[in-house]
Each structure stands twice: as structure tokens, then as C-alpha cells.
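A short worksheet on the structure shown next.
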Amino acid sequence: MNSIMIFLILVPILGFILLLANILLAKHVPYSEKVTAYECGFSPVDTPRSQFTIQFYLVGILFLIFDIELFMTMPYALTVYETGAYGFWIIMVFFVILTLGFVYEFNSKALYFTTLNENKNK
């Protein structure tokens with residue numbers, strides 16, 4: 001039996017055991033605040049069709065960009081000794097471009113997040 005088959009068998013069994021332990025050992029004390037829906041930091045007291053500001057989506061897109069940046073630097077981090085000076089300078093160019101993009105975002109106030117009510121009051 002190879003290691004993949006062991007993982008395919010072991011992981012579901014371990015997941016089931018941990019889920020069962022949680023059901024049997026954890027305290028279950030639901031209260032009104034605990035069982036309400038949580039909507040990404042927004043209080044769910046409004047209608048589901050309420051408007052969001054564009055800054056909400058911009059922050060999400062910017063988070064995605066910097067998350068992909070981490071994903072793109074992982075191969076370099078794993079092969080740093082094999083790439084040599086050429087790989088080092090390529091990753092430095094990548095970081096410079098990323099830093100310039102972040103400075104541009106910061107200067108254009110794309111990271112400034114306001115709520116819809118604050119925009120109406122201005």
C-alpha cells in the first residue's frame with residue numbers, strides 16, 4: 001500500500017473521529033447572537049438586497065492580488081539555491097513592480113474603506 005492510499009483511508013477516518021469527539025465533548029449552549037447569520041463583518045439587519053460600496057469589492061480584489069503574489073513567490077522560495085543570481089534578480093523585479101502597485105493603490109486611496117452611509121453624508 002502506498003502513501004497516497006494511506007492518506008485516502010486515514011484522513012476520512014481521522015476527520016470522522018474528530019467530528020464525533022466534538023459532538024460528544026463540546027458544550028452546546030446556543031443563544032440568539034451565536035445562531036444569527038454572520039455576513040463578512042456586516043450586520044445582517046438590513047435587507048439582503050442592500051447596496052455595497054465599490055470599496056468593498058476593491059479591497060477584495062486587492063487582497064486577491066496580494067494572495068496571488070504569495071502563491072507566485074512560493075516556487076522561488078523552494079528553489080532559491082538552484083536559481084542563482086538570475087532568479088534572484090527576477091524575483092526582485094517582481095517585488096519592485098508589486099511594491100510600485102501597492103504605492104499607487106495607497107496614494108489613490110483605494111485602500112480607504114467607507115460605508116455607504118458615510119458616503120451619503122458627504
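Residues are referred to by chain and number: the chain letter is A, B, ... according to the order shown in the C-alpha cells, the number counts from 1 in that chain, and ligands are numbered separately from 1 in the order shown.
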
DSSP-assigned alpha helix (DSSP H) among chain A, expressed as a PyMOL selection string: chain A and resi 3-25+54-78+80-107+116-121

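Between atom CA of Met1 of chain A and atom CA of Gly15 of chain A the interatomic distance comes to 20.8 Å.
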
Separation of atom CA of Phe56 of chain A from atom CA of Phe106 of chain A, in Å and rounded to one decimal: 15.3 Å

Non-local contacts of segment 86-100 of chain A (10 Å; only C-alpha atoms; under 5 positions in same chain excluded) as an MDAnalysis selection string: chainID A and resid 65:66 69 72:73 76:77 79:81 105:106

Those same residues - all heavy atoms - I'd like them written as a compact mmCIF listing (two decimals), in the first residue's frame.
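What landed in part10.txt:
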# COMPACT_ATOMS: atom_id res chain seq x y z
N ILE A 65 -5.02 39.98 -5.25
CA ILE A 65 -3.74 40.25 -5.92
C ILE A 65 -2.58 39.90 -5.00
O ILE A 65 -1.62 39.23 -5.41
CB ILE A 65 -3.68 41.71 -6.38
CG1 ILE A 65 -4.64 41.93 -7.54
CG2 ILE A 65 -2.26 42.10 -6.77
CD1 ILE A 65 -4.82 43.38 -7.92
N PHE A 66 -2.64 40.32 -3.75
CA PHE A 66 -1.53 40.05 -2.85
C PHE A 66 -1.51 38.59 -2.39
O PHE A 66 -0.46 38.07 -2.02
CB PHE A 66 -1.55 41.01 -1.66
CG PHE A 66 -1.11 42.38 -2.06
CD1 PHE A 66 -2.03 43.40 -2.26
CD2 PHE A 66 0.22 42.65 -2.26
CE1 PHE A 66 -1.62 44.65 -2.65
CE2 PHE A 66 0.65 43.91 -2.65
CZ PHE A 66 -0.28 44.90 -2.85
N GLU A 69 0.29 36.96 -5.17
CA GLU A 69 1.72 37.28 -5.05
C GLU A 69 2.41 36.26 -4.16
O GLU A 69 3.51 35.79 -4.48
CB GLU A 69 1.88 38.69 -4.48
CG GLU A 69 3.27 39.06 -4.08
CD GLU A 69 3.49 38.97 -2.59
OE1 GLU A 69 2.53 39.11 -1.83
OE2 GLU A 69 4.65 38.76 -2.20
N MET A 72 2.82 33.12 -6.09
CA MET A 72 3.84 33.19 -7.14
C MET A 72 5.26 33.13 -6.57
O MET A 72 6.18 32.74 -7.28
CB MET A 72 3.66 34.47 -7.96
CG MET A 72 2.35 34.52 -8.71
SD MET A 72 2.20 33.24 -9.94
CE MET A 72 3.26 33.89 -11.20
N THR A 73 5.45 33.55 -5.33
CA THR A 73 6.79 33.52 -4.76
C THR A 73 7.14 32.17 -4.13
O THR A 73 8.31 31.92 -3.84
CB THR A 73 6.96 34.62 -3.69
OG1 THR A 73 5.96 34.45 -2.70
CG2 THR A 73 6.88 35.99 -4.31
N TYR A 76 9.85 30.14 -6.05
CA TYR A 76 11.19 30.69 -5.87
C TYR A 76 11.74 30.33 -4.49
O TYR A 76 12.91 29.99 -4.36
CB TYR A 76 11.18 32.21 -6.04
CG TYR A 76 12.52 32.81 -5.72
CD1 TYR A 76 13.58 32.65 -6.59
CD2 TYR A 76 12.74 33.50 -4.53
CE1 TYR A 76 14.83 33.15 -6.29
CE2 TYR A 76 13.97 34.00 -4.22
CZ TYR A 76 15.02 33.84 -5.10
OH TYR A 76 16.24 34.33 -4.80
N ALA A 77 10.88 30.39 -3.48
CA ALA A 77 11.35 30.07 -2.14
C ALA A 77 11.80 28.62 -2.03
O ALA A 77 12.72 28.31 -1.27
CB ALA A 77 10.24 30.36 -1.12
N THR A 79 13.12 26.84 -4.56
CA THR A 79 14.27 26.57 -5.43
C THR A 79 15.29 27.70 -5.39
O THR A 79 15.97 27.96 -6.38
CB THR A 79 13.80 26.38 -6.87
OG1 THR A 79 13.17 27.58 -7.31
CG2 THR A 79 12.86 25.20 -7.00
N VAL A 80 15.40 28.39 -4.26
CA VAL A 80 16.26 29.56 -4.18
C VAL A 80 17.73 29.23 -4.44
O VAL A 80 18.46 30.02 -5.03
CB VAL A 80 16.06 30.29 -2.84
CG1 VAL A 80 16.57 29.48 -1.68
CG2 VAL A 80 16.71 31.66 -2.84
N TYR A 81 18.18 28.06 -4.06
CA TYR A 81 19.59 27.72 -4.24
C TYR A 81 19.90 27.29 -5.68
O TYR A 81 21.03 27.41 -6.13
CB TYR A 81 20.01 26.62 -3.26
CG TYR A 81 20.00 27.11 -1.84
CD1 TYR A 81 19.11 26.59 -0.92
CD2 TYR A 81 20.88 28.10 -1.42
CE1 TYR A 81 19.09 27.05 0.38
CE2 TYR A 81 20.87 28.57 -0.12
CZ TYR A 81 19.98 28.04 0.77
OH TYR A 81 19.95 28.50 2.06
N GLU A 105 -1.79 52.14 -5.25
CA GLU A 105 -3.07 51.88 -4.59
C GLU A 105 -3.21 52.73 -3.34
O GLU A 105 -4.28 53.27 -3.06
CB GLU A 105 -3.19 50.41 -4.23
CG GLU A 105 -3.31 49.49 -5.39
CD GLU A 105 -3.06 48.05 -5.01
OE1 GLU A 105 -2.84 47.76 -3.81
OE2 GLU A 105 -3.09 47.20 -5.91
N PHE A 106 -2.13 52.84 -2.58
CA PHE A 106 -2.18 53.61 -1.34
C PHE A 106 -2.37 55.10 -1.64
O PHE A 106 -3.16 55.77 -0.97
CB PHE A 106 -0.91 53.38 -0.53
CG PHE A 106 -0.95 53.99 0.83
CD1 PHE A 106 -1.66 53.39 1.84
CD2 PHE A 106 -0.29 55.18 1.10
CE1 PHE A 106 -1.71 53.94 3.10
CE2 PHE A 106 -0.33 55.74 2.34
CZ PHE A 106 -1.05 55.13 3.35

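Taking only C-alpha atoms into account, Ser108 of chain A lies nearest to A:Leu58 out of the set A:Val11, A:Ile23, A:Ala85, A:Leu58.
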